[in-house]
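Each remark here refers to the structure printed beneath this line.
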Amino acid sequence: MYMTKTDYILNTYTESLMIAKSISNRVYQNEFNRLFNLKHIRDKFDNKITIKDIFLNCWDKFKSNNIDKLRSSVIKNVEDIIFCKDYRKGYIAFSCKRCDNFTFTAFSCNSRFCSTCGKKYRDFRSIEIQSKLINVSHRHFVFTVAEELRIYFFKYRDMQNLLFDAVNDTLTNTSITSKKEIANNYKLGFVSFLHTFGRDLKPNPHIHALVAEAKVSSSGNVKKYHYFHFEQLRKYFMFSLLNLMSNYLNESHPSELKAFNILKYYLIKTYSKGFYIYAPPNNSKLTTIKDIANYIARYGSHPAISESRIVSIDYASNTITWKFNPHEDDGLTSDDPNYQGTKFITESIDAFIIKLIRHIPDKHFHLIRYFGFYANKSKTIPKIPKILWINRIRMLKSMLKYTVLLYNTFKFDPHICKCGSKMTFDYSLSYFPMKGCVF
């Protein structure tokens with residue numbers, strides 16, 4: 001007979017729930033929600049395929065077969081995920097002084113590549129970015145590169161810096177043009193995000209830029225700026241990027257320069273209007289805190305694929321099936337003749353792992369960068385009203401505390417005992433690997 005998750009909890013943890021019920025309905029609901037979200041119960045009933053489980057089952061063999069090809073940052077991030085919330089890597093304990101009950105919480109990995117920890121990182125980065133934004137409308141730009149160039153940014157990962165440099169050159173030199181603006185040191189302000197993949201997980205490096213529709217002088221004067229000359233932007237970006245890449249290869253990999261220059265002149269001829277830049281004027285201005293937070297949470301940092309897109313996995317046959325919705329369908333209805341619908345990909349697990357790990361950045365590489373008057377060295381920003389007040393920023397950061405996140409997500413406080421008392425941190429029962437054993 002099939003047993004639901006709720007029935008299993010009620011039958012297995014009857015005593016704990018009865019104790020909680022005798023205290024109050026609030027304590028009972030907290031205890032039930034805590035049990036409902038225990039890992040072994042979720043694993044038993046949810047049947048969710050996780051990226052962590054895939055690596056737990058396949059990483060050792062994959063690593064052994066490809067050790068000479070793996071970057072150190074890949075090995076570290078993957079193995080951090082594997083041991084995320086592993087009690088062998090340390091935990092903190094909380095105990096109840098009334099009934100001697102106790103709980104353990106294992107340490108998380110804090111990797112951006114981790115589906116669980118990455119969300120907290122994204123939320124924190126979102127708040128950090130919002131705290132810098134001045135109170136003007138912002139516009140979303142996407143700078144893309146020719147498909148023929150994409151391989152270079154993975155073969156020589158230092159070249160990913162050139163994407164940021166080319167966008168900075170383009171926006172700065174096409175927006176600040178008058179002698180008066182130059183004399184008064186006016187600057188455009190923008191935040192750039194590197195995205196290295198598309199929905200199909202193929203290499204597709206491109207830059208998302210959040211651009212303030214304003215120029216700010218060195219004295220703090222703000223001048224609204226809404227017009228962007230797209231034909232000029234596209235051509236300027238193309239020439240800037242190609243020249244930066246050519247100079248890089250000339251200095252670091254001169255044997256590649258001749259072949260690249262042939263490709264360079266081919267691309268200039270082929271892309272007569274420049275590389276594609278997407279920044280529609282309608283429905284693209286991010287003027288509210290919610291709009292900006294949602295945008296940054298999506299593009300700031302996340303694994304290459306969400307676990308909800310993993311359809312099935314067969315370890316025996318070494319195959320995995322996942323899905324994606326092509327960009328071409330955006331804005332189309334299912335009855336449109338050009339509508340493609342959801343695409344399903346079935347491939348080897350090794351091929352899937354390669355698609356995931358190629359998008360892990362190297363250590364100390366910054367996926368989010370600030371330019372113009374948003375640059376850290378800028379001295380004008382403190383003088384200008386921000387979108388968020390300092391008290392609002394503090395409140396948002398407080399929402400990222402472990403207990404608050406847990407309650408907002410799963411509706412239980414991990415430190416409320418089944419007897420209704422508040423459990424407190426117990427150093428004697430906790431385990432910190434850097435400090436040795438428990439006792």
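Within each chain, counting starts at residue 1; across the structure tokens, chains are named A, B, ... in the order shown, with ligands numbered 1 upward in that order.
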Near segment 391-403 of chain A, counting only C-alpha atoms, which residues have an atom at most 12 Å away, once you skip same-chain residues fewer than 4 positions from it, shown as a ChimeraX atom specification? /A:105-108,117,119-133,289,293,386-387,407-416
For Met3 of chain A, list every protein, DNA or RNA residue within 12 Å, evaluated using only C-alpha atoms, and leave out those in the same chain fewer than 5 positions away; present the list as a list in words. Tyr8, Ile9, Leu10, Asn11, Thr12, Lys44 and Phe45 of chain A
Name the residues of segment 140-305 of chain A that fall into helix (DSSP H, G or I) according to DSSP on the backbone, using the chain letters and numbers of this document, as a PyMOL selection string. chain A and resi 147-149+152-155+157-175+179-183+230-252+254-270+289-299
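Residue neighbourhood of segment 69-73 of chain A, excluding near-sequence residues (fewer than 6 positions): Lys63, Ile360, Pro361, Asp362 and Lys363 of chain A, at 9 Å, using only C-alpha atoms.
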DSSP on the backbone: what in segment 97-293 of chain A comes out strand (DSSP E), as a ChimeraX atom specification? /A:102-106,138-143,187-197,203-216,222-224,277-278,285-286
Atoms kept (C-alpha atoms) for selection, written as an mmCIF file, in the first residue's frame:
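Result saved to out-v1.cif:
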data_model
loop_
_atom_site.group_PDB
_atom_site.id
_atom_site.type_symbol
_atom_site.label_atom_id
_atom_site.label_comp_id
_atom_site.auth_asym_id
_atom_site.auth_seq_id
_atom_site.Cartn_x
_atom_site.Cartn_y
_atom_site.Cartn_z
ATOM 1 C CA PHE A 102 19.781 18.275 20.579
ATOM 2 C CA THR A 103 20.254 18.828 16.851
ATOM 3 C CA PHE A 104 23.256 18.930 14.527
ATOM 4 C CA THR A 105 23.701 21.160 11.486
ATOM 5 C CA ALA A 106 26.441 20.225 9.032
ATOM 6 C CA HIS A 138 18.439 51.245 -15.480
ATOM 7 C CA ARG A 139 18.513 49.456 -18.799
ATOM 8 C CA HIS A 140 19.457 45.891 -19.655
ATOM 9 C CA PHE A 141 22.001 45.320 -22.446
ATOM 10 C CA VAL A 142 23.275 42.006 -23.817
ATOM 11 C CA PHE A 143 26.553 42.035 -25.768
ATOM 12 C CA LYS A 187 30.922 59.063 -16.561
ATOM 13 C CA LEU A 188 28.303 56.472 -17.395
ATOM 14 C CA GLY A 189 27.729 53.856 -14.691
ATOM 15 C CA PHE A 190 27.057 50.177 -15.323
ATOM 16 C CA VAL A 191 27.393 46.723 -13.804
ATOM 17 C CA SER A 192 28.508 43.894 -16.106
ATOM 18 C CA PHE A 193 27.808 40.176 -15.679
ATOM 19 C CA LEU A 194 29.553 37.431 -17.635
ATOM 20 C CA HIS A 195 27.363 34.558 -18.792
ATOM 21 C CA THR A 196 29.228 31.716 -20.517
ATOM 22 C CA PHE A 197 26.379 29.455 -21.613
ATOM 23 C CA PRO A 203 29.570 27.611 -24.895
ATOM 24 C CA ASN A 204 28.086 31.039 -25.503
ATOM 25 C CA PRO A 205 30.028 33.755 -23.664
ATOM 26 C CA HIS A 206 28.208 37.070 -23.550
ATOM 27 C CA ILE A 207 27.943 40.080 -21.274
ATOM 28 C CA HIS A 208 24.786 41.305 -19.560
ATOM 29 C CA ALA A 209 25.103 44.930 -18.524
ATOM 30 C CA LEU A 210 22.849 46.874 -16.176
ATOM 31 C CA VAL A 211 23.297 50.464 -17.379
ATOM 32 C CA ALA A 212 22.171 53.546 -15.458
ATOM 33 C CA GLU A 213 20.371 55.968 -17.745
ATOM 34 C CA ALA A 214 22.377 58.867 -16.380
ATOM 35 C CA LYS A 215 25.824 60.425 -16.506
ATOM 36 C CA VAL A 216 27.510 61.672 -13.351
ATOM 37 C CA VAL A 222 23.570 63.945 -12.531
ATOM 38 C CA LYS A 223 22.463 64.281 -16.150
ATOM 39 C CA LYS A 224 19.844 61.908 -17.555
ATOM 40 C CA ILE A 277 23.620 43.850 -29.061
ATOM 41 C CA TYR A 278 20.209 43.381 -27.473
ATOM 42 C CA LYS A 285 13.965 49.532 -17.958
ATOM 43 C CA LEU A 286 14.536 48.201 -14.467
#
Figure out the distance between atom CA of Gly90 of chain A and atom CA of Tyr427 of chain A, please, to one decimal in Å. 12.2 Å
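Taking only C-alpha atoms into account, Leu233 of chain A lies nearest to A:Asp169 out of the set A:Glu15, A:Glu181, A:Asp200, A:Asp169.
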Mind checking which residues fall within 10 Å of Asn243 of chain A, counting only C-alpha atoms, ignoring those fewer than 3 positions away in the same chain, and posting them as an MDAnalysis selection string? chainID A and resid 162 166 237:240 246:249 261 264
